[in-house]
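Structure file start20.json; described as JSON, C-alpha atoms.
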```json
[["chain", "number", "residue", "atom", "x", "y", "z"],
["M", 1, "LEU", "CA", -7.13, 6.79, -18.75],
["M", 2, "LYS", "CA", -4.74, 4.86, -20.99],
["M", 3, "ASN", "CA", -5.11, 7.65, -23.55],
["M", 4, "HIS", "CA", -3.49, 10.03, -21.07],
["M", 5, "PHE", "CA", -0.71, 7.87, -19.61],
["M", 6, "GLU", "CA", 0.11, 4.27, -18.84],
["M", 7, "VAL", "CA", -0.96, 3.52, -15.27],
["M", 8, "SER", "CA", 0.24, 0.53, -13.32],
["M", 9, "ILE", "CA", -1.66, -1.69, -10.91],
["M", 10, "ASN", "CA", 0.30, 0.03, -8.12],
["M", 11, "ASP", "CA", -0.96, 3.43, -9.32],
["M", 12, "VAL", "CA", -4.56, 2.20, -9.27],
["M", 13, "VAL", "CA", -4.19, 0.58, -5.83],
["M", 14, "LEU", "CA", -2.64, 3.77, -4.43],
["M", 15, "ALA", "CA", -5.29, 5.99, -6.04],
["M", 16, "LEU", "CA", -8.15, 3.89, -4.64],
["M", 17, "THR", "CA", -6.48, 3.88, -1.23],
["M", 18, "ALA", "CA", -5.89, 7.64, -1.40],
["M", 19, "SER", "CA", -9.50, 8.36, -2.38],
["M", 20, "SER", "CA", -10.84, 6.13, 0.38],
["M", 21, "MET", "CA", -8.60, 7.78, 2.98],
["M", 22, "ARG", "CA", -9.44, 11.28, 1.73],
["M", 23, "ASN", "CA", -13.17, 10.57, 2.07],
["M", 24, "TYR", "CA", -12.66, 8.93, 5.49],
["M", 25, "LEU", "CA", -10.65, 11.90, 6.81],
["M", 26, "LEU", "CA", -13.18, 14.36, 5.37],
["M", 27, "HIS", "CA", -15.95, 12.45, 7.14],
["M", 28, "LEU", "CA", -14.05, 12.76, 10.43],
["M", 29, "GLY", "CA", -13.31, 16.44, 9.72],
["M", 30, "VAL", "CA", -9.56, 15.91, 10.03],
["M", 31, "LEU", "CA", -8.24, 15.98, 6.44],
["M", 32, "PRO", "CA", -4.77, 17.54, 6.73],
["M", 33, "ARG", "CA", -3.63, 20.27, 4.34],
["M", 34, "GLU", "CA", -0.57, 18.20, 3.45],
["M", 35, "SER", "CA", -1.04, 14.85, 1.76],
["M", 36, "VAL", "CA", -1.06, 11.69, 3.80],
["M", 37, "ARG", "CA", 1.90, 9.42, 3.14],
["M", 38, "ALA", "CA", 2.20, 5.66, 2.75],
["M", 39, "ASN", "CA", 5.06, 3.22, 2.75],
["M", 40, "MET", "CA", 4.70, 0.74, -0.05],
["M", 41, "ALA", "CA", 6.62, -2.46, -0.55],
["M", 42, "VAL", "CA", 8.32, -2.72, -3.94],
["M", 43, "SER", "CA", 9.58, -6.00, -5.34],
["M", 44, "LEU", "CA", 13.21, -6.11, -6.40],
["M", 45, "ARG", "CA", 12.73, -9.55, -7.92],
["M", 46, "LYS", "CA", 13.42, -10.00, -11.60],
["M", 47, "GLU", "CA", 11.02, -12.07, -13.73],
["M", 48, "SER", "CA", 13.55, -14.93, -13.95],
["M", 49, "ASP", "CA", 14.15, -15.02, -10.16],
["M", 50, "ALA", "CA", 12.36, -17.98, -8.56],
["M", 51, "ALA", "CA", 13.96, -17.77, -5.10],
["M", 52, "ALA", "CA", 11.70, -18.31, -2.11],
["M", 53, "SER", "CA", 13.21, -15.46, -0.06],
["M", 54, "ASN", "CA", 11.99, -11.87, 0.12],
["M", 55, "ALA", "CA", 13.47, -9.45, -2.40],
["M", 56, "ILE", "CA", 11.75, -6.18, -1.51],
["M", 57, "THR", "CA", 12.39, -2.63, -0.55],
["M", 58, "THR", "CA", 9.99, 0.08, 0.51],
["M", 59, "VAL", "CA", 9.30, 3.54, -0.79],
["M", 60, "ASN", "CA", 7.62, 6.44, 0.97],
["M", 61, "LEU", "CA", 4.96, 8.06, -1.21],
["M", 62, "ALA", "CA", 2.65, 11.04, -0.97],
["M", 63, "LEU", "CA", -0.90, 9.96, -1.86],
["M", 64, "HIS", "CA", -1.97, 13.48, -2.83],
["M", 65, "THR", "CA", -5.05, 13.44, -0.63],
["M", 66, "ASP", "CA", -4.80, 17.24, -0.69],
["M", 67, "ARG", "CA", -6.10, 17.13, -4.29],
["M", 68, "GLN", "CA", -9.87, 17.08, -4.67],
["M", 69, "ASP", "CA", -10.01, 15.85, -8.27],
["M", 70, "PRO", "CA", -9.47, 12.04, -8.48],
["M", 71, "ILE", "CA", -7.89, 12.22, -11.98],
["M", 72, "GLU", "CA", -5.40, 14.85, -10.80],
["M", 73, "ARG", "CA", -4.71, 12.65, -7.77],
["M", 74, "LEU", "CA", -4.09, 9.58, -9.97],
["M", 75, "ASN", "CA", -1.83, 11.61, -12.26],
["M", 76, "ALA", "CA", 0.18, 12.90, -9.29],
["M", 77, "ILE", "CA", 0.43, 9.40, -7.81],
["M", 78, "HIS", "CA", 1.62, 8.10, -11.18],
["M", 79, "ARG", "CA", 4.41, 10.71, -11.25],
["M", 80, "GLU", "CA", 5.30, 9.84, -7.65],
["M", 81, "THR", "CA", 5.52, 6.09, -8.34],
["M", 82, "GLU", "CA", 7.54, 6.64, -11.53],
["M", 83, "ALA", "CA", 10.07, 8.70, -9.56],
["M", 84, "ALA", "CA", 10.19, 5.98, -6.88],
["M", 85, "LYS", "CA", 10.79, 3.30, -9.54],
["M", 86, "GLN", "CA", 13.68, 5.33, -10.96],
["M", 87, "THR", "CA", 15.19, 5.59, -7.47],
["M", 88, "VAL", "CA", 14.86, 1.84, -6.88],
["M", 89, "ARG", "CA", 16.26, 1.00, -10.32],
["M", 90, "SER", "CA", 19.23, 3.31, -9.76],
["M", 91, "GLY", "CA", 20.32, 1.05, -6.92],
["M", 92, "GLN", "CA", 19.58, 3.45, -4.08],
["M", 93, "SER", "CA", 18.48, 1.40, -1.11],
["M", 94, "SER", "CA", 15.76, 2.06, 1.40],
["M", 95, "PRO", "CA", 16.73, 2.57, 5.04],
["M", 96, "TYR", "CA", 14.31, -0.33, 5.76],
["M", 97, "GLU", "CA", 16.10, -2.92, 3.60],
["M", 98, "PRO", "CA", 17.91, -4.55, 6.54],
["M", 99, "ILE", "CA", 14.52, -4.94, 8.27],
["M", 100, "ASN", "CA", 12.83, -6.21, 5.09],
["M", 101, "SER", "CA", 15.39, -9.00, 4.79],
["M", 102, "LEU", "CA", 14.66, -10.34, 8.29],
["M", 103, "PRO", "CA", 12.48, -13.42, 8.76],
["M", 104, "PRO", "CA", 8.93, -12.68, 9.97],
["M", 105, "PHE", "CA", 9.54, -13.77, 13.60],
["M", 106, "ALA", "CA", 12.47, -11.32, 13.85],
["M", 107, "VAL", "CA", 10.35, -8.48, 12.42],
["M", 108, "ALA", "CA", 7.67, -9.29, 15.02],
["M", 109, "LEU", "CA", 10.25, -9.15, 17.84],
["M", 110, "LEU", "CA", 11.65, -5.86, 16.52],
["M", 111, "ASN", "CA", 8.13, -4.45, 16.24],
["M", 112, "LYS", "CA", 7.51, -5.22, 19.92],
["M", 113, "ALA", "CA", 10.79, -3.59, 20.93],
["M", 114, "LEU", "CA", 10.06, -0.28, 19.16],
["M", 115, "THR", "CA", 7.70, 2.27, 20.67],
["M", 116, "PRO", "CA", 4.93, 3.76, 18.50],
["M", 117, "ALA", "CA", 6.80, 7.09, 18.44],
["M", 118, "MET", "CA", 9.97, 5.36, 17.21],
["M", 119, "VAL", "CA", 8.06, 3.57, 14.42],
["M", 120, "LEU", "CA", 6.30, 6.75, 13.27],
["M", 121, "ASN", "CA", 9.54, 8.73, 13.34],
["M", 122, "MET", "CA", 11.39, 6.03, 11.40],
["M", 123, "MET", "CA", 8.69, 5.35, 8.79],
["M", 124, "LYS", "CA", 7.45, 8.94, 8.31],
["M", 125, "CYS", "CA", 4.11, 7.78, 6.97],
["M", 126, "ASN", "CA", 0.49, 7.39, 8.01],
["M", 127, "PHE", "CA", -0.04, 3.78, 6.93],
["M", 128, "ILE", "CA", 1.32, 0.92, 4.84],
["M", 129, "VAL", "CA", 0.18, -0.27, 1.41],
["M", 130, "SER", "CA", 1.27, -3.55, -0.16],
["M", 131, "ASN", "CA", 0.35, -4.96, -3.53],
["M", 132, "VAL", "CA", 1.02, -8.68, -4.00],
["M", 133, "LYS", "CA", 0.92, -10.29, -7.42],
["M", 134, "GLY", "CA", -1.27, -13.36, -7.21],
["M", 135, "SER", "CA", -2.15, -16.08, -9.64],
["M", 136, "PRO", "CA", -3.36, -15.00, -13.09],
["M", 137, "ARG", "CA", -5.15, -18.38, -13.35],
["M", 138, "PRO", "CA", -7.93, -19.76, -11.14],
["M", 139, "ILE", "CA", -6.88, -21.78, -8.12],
["M", 140, "TYR", "CA", -8.90, -24.75, -6.87],
["M", 141, "VAL", "CA", -9.08, -26.21, -3.37],
["M", 142, "ALA", "CA", -10.63, -29.69, -3.08],
["M", 143, "GLY", "CA", -12.19, -29.14, -6.51],
["M", 144, "ALA", "CA", -13.84, -25.81, -5.60],
["M", 145, "ARG", "CA", -12.70, -22.68, -7.42],
["M", 146, "THR", "CA", -11.31, -19.95, -5.19],
["M", 147, "GLU", "CA", -13.36, -16.84, -5.97],
["M", 148, "ALA", "CA", -11.33, -14.20, -4.11],
["M", 149, "MET", "CA", -8.26, -13.74, -1.92],
["M", 150, "TYR", "CA", -8.58, -11.28, 0.93],
["M", 151, "PRO", "CA", -5.21, -10.82, 2.59],
["M", 152, "VAL", "CA", -4.60, -10.08, 6.26],
["M", 153, "SER", "CA", -1.42, -8.25, 7.14],
["M", 154, "LEU", "CA", 0.55, -7.02, 10.10],
["M", 155, "LEU", "CA", 0.36, -3.69, 11.86],
["M", 156, "ALA", "CA", 3.52, -1.90, 12.90],
["M", 157, "ASN", "CA", 3.56, -0.73, 16.51],
["M", 158, "GLY", "CA", 1.68, 2.59, 16.51],
["M", 159, "MET", "CA", 0.83, 2.31, 12.80],
["M", 160, "GLY", "CA", -2.85, 1.49, 12.95],
["M", 161, "LEU", "CA", -3.64, 0.82, 9.29],
["M", 162, "ASN", "CA", -2.39, -1.52, 6.58],
["M", 163, "PHE", "CA", -3.83, -1.99, 3.09],
["M", 164, "THR", "CA", -2.71, -5.21, 1.45],
["M", 165, "CYS", "CA", -3.97, -6.02, -2.03],
["M", 166, "VAL", "CA", -3.68, -9.28, -3.94],
["M", 167, "SER", "CA", -4.31, -9.61, -7.64],
["M", 168, "TYR", "CA", -6.13, -12.80, -8.55],
["M", 169, "VAL", "CA", -7.24, -13.66, -12.10],
["M", 170, "ASP", "CA", -9.00, -10.41, -13.15],
["M", 171, "ASN", "CA", -9.57, -8.95, -9.67],
["M", 172, "ILE", "CA", -7.70, -7.00, -7.04],
["M", 173, "ASP", "CA", -8.87, -7.96, -3.57],
["M", 174, "PHE", "CA", -8.19, -5.52, -0.71],
["M", 175, "GLY", "CA", -7.46, -6.60, 2.84],
["M", 176, "ILE", "CA", -7.62, -3.75, 5.34],
["M", 177, "THR", "CA", -6.09, -4.44, 8.74],
["M", 178, "TYR", "CA", -6.62, -1.75, 11.36],
["M", 179, "ASP", "CA", -6.32, -1.01, 15.06],
["M", 180, "ALA", "CA", -9.82, -0.28, 16.37],
["M", 181, "ASP", "CA", -8.36, 1.87, 19.16],
["M", 182, "LEU", "CA", -6.71, 4.19, 16.63],
["M", 183, "LEU", "CA", -9.34, 4.33, 13.86],
["M", 184, "PRO", "CA", -12.94, 5.17, 14.71],
["M", 185, "ASP", "CA", -15.65, 4.04, 12.28],
["M", 186, "ALA", "CA", -13.06, 2.18, 10.16],
["M", 187, "TRP", "CA", -15.72, 0.43, 8.05],
["M", 188, "ARG", "CA", -15.97, 3.72, 6.13],
["M", 189, "ILE", "CA", -12.45, 3.05, 4.84],
["M", 190, "ALA", "CA", -13.57, -0.30, 3.41],
["M", 191, "ASP", "CA", -16.70, 1.31, 1.95],
["M", 192, "GLY", "CA", -14.41, 3.74, 0.11]]
```

Please re-express this file's structure in structure tokens.
Amino acid sequence: LKNHFEVSINDVVLALTASSMRNYLLHLGVLPRESVRANMAVSLRKESDAAASNAITTVNLALHTDRQDPIERLNAIHRETEAAKQTVRSGQSSPYEPINSLPPFAVALLNKALTPAMVLNMMKCNFIVSNVKGSPRPIYVAGARTEAMYPVSLLANGMGLNFTCVSYVDNIDFGITYDADLLPDAWRIADG
């Protein structure tokens, strides 16, 4: 793939997520004609920034699940993420930035106050994808090497699916959090 274009970890995470969701929706017989959409957190932190606070925004991306060919899908996702990066770098802010800057307990309270319809109307996506940069070196706990990091994330009210990925050494570990009432046979998503 690198002979065709330079893909990022985000592109790969989104392409894997898109392929899994496409196969899942095909299995259920409900693949929409239009692509599913995801909100993805994007770090605004510069390499030299060591602050402990959040410095993120979110972008809304089409995952091109309407495309059958996985290489075409990856290529389209790459173009989509490049456009989103340009938007973020130009200083345009996300409508979610005030929410993203809140401490976790405040986000949880806000989440409870919003109805599912309000969340879906505000976010205009089908699910959330996050990619967290983890340690490039092995981590040890009580002398034992940590082999993987599987994250668990939050669900927005009415948003029944969240993919959170953590890079660790040479792996990307996926954590899939879902609402069993909203997603039948969700293990197929993980299989994908």

Mind checking which residues fall within 10 Å of Val88 of chain M, counting only C-alpha atoms, ignoring those fewer than 5 positions away in the same chain, and posting them as a list in words?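 Near Val88 of chain M, the qualifying residues are Val42, Ser43, Leu44, Thr57, Thr58, Val59, Glu82, Ala83, Ser93 and Ser94 of chain M.
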
Quote the spacing between atom CA of Asn75 of chain M and atom CA of Leu63 of chain M in Å to one decimal place.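 Result for atom CA of Asn75 of chain M versus atom CA of Leu63 of chain M: 10.6 Å, one decimal.
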
Around the point (-8.0, 7.7, 12.0), in the coordinates given by the file, pick out the residues reaching within 12 Å, counting all atoms listed in the file, and return them as a PyMOL selection string. chain M and resi 21-32+36+126-127+158-161+178-189

Atomic distance atom CA of Phe105 of chain M - atom CA of Ala156 of chain M, expressed in Å with one decimal: 13.3 Å

Which polymer residues have any atom within 12 Å of an atom of Glu6 of chain M, counting all atoms listed in the file, with same-chain residues fewer than 6 positions away left out, as number ranges by chain? M: 12, 74-75, 78-79, 81-82

Atom pair atom CA of Thr164 of chain M / atom CA of Pro151 of chain M: separation (Å):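 Value for the atom CA of Thr164 of chain M-atom CA of Pro151 of chain M distance: 6.2 Å.
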
Counting only C-alpha atoms, the option among M:Ile9, M:Ile77, M:Ala148, M:Val132 closest to Asp173 of chain M: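 Checking each of M:Ile9, M:Ile77, M:Ala148, M:Val132 against Asp173 of chain M, counting only C-alpha atoms, the winner is M:Ala148.
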
Counting only C-alpha atoms, which residue out of M:Ala108, M:Ala190, M:Ala76, M:Ile172 sits closest to Val7 of chain M?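 Of M:Ala108, M:Ala190, M:Ala76, M:Ile172, the one nearest Val7 of chain M, counting only C-alpha atoms, is M:Ala76.
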
Could you check the closest approach to Gly192 of chain M for each of M:Ser90, M:Ser135, M:Asn10, M:Ser19 and tell me which residue wins, using all atoms listed in the file?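 Comparing M:Ser90, M:Ser135, M:Asn10, M:Ser19 against Gly192 of chain M, the winner is M:Ser19.
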
In the coordinate frame of the file, compute which residues have an atom within 8 Å of (-6.5, -9.5, -10.0) when using only C-alpha atoms, and state them as a VMD selection string. chain M and resid 133 to 136 166 to 173
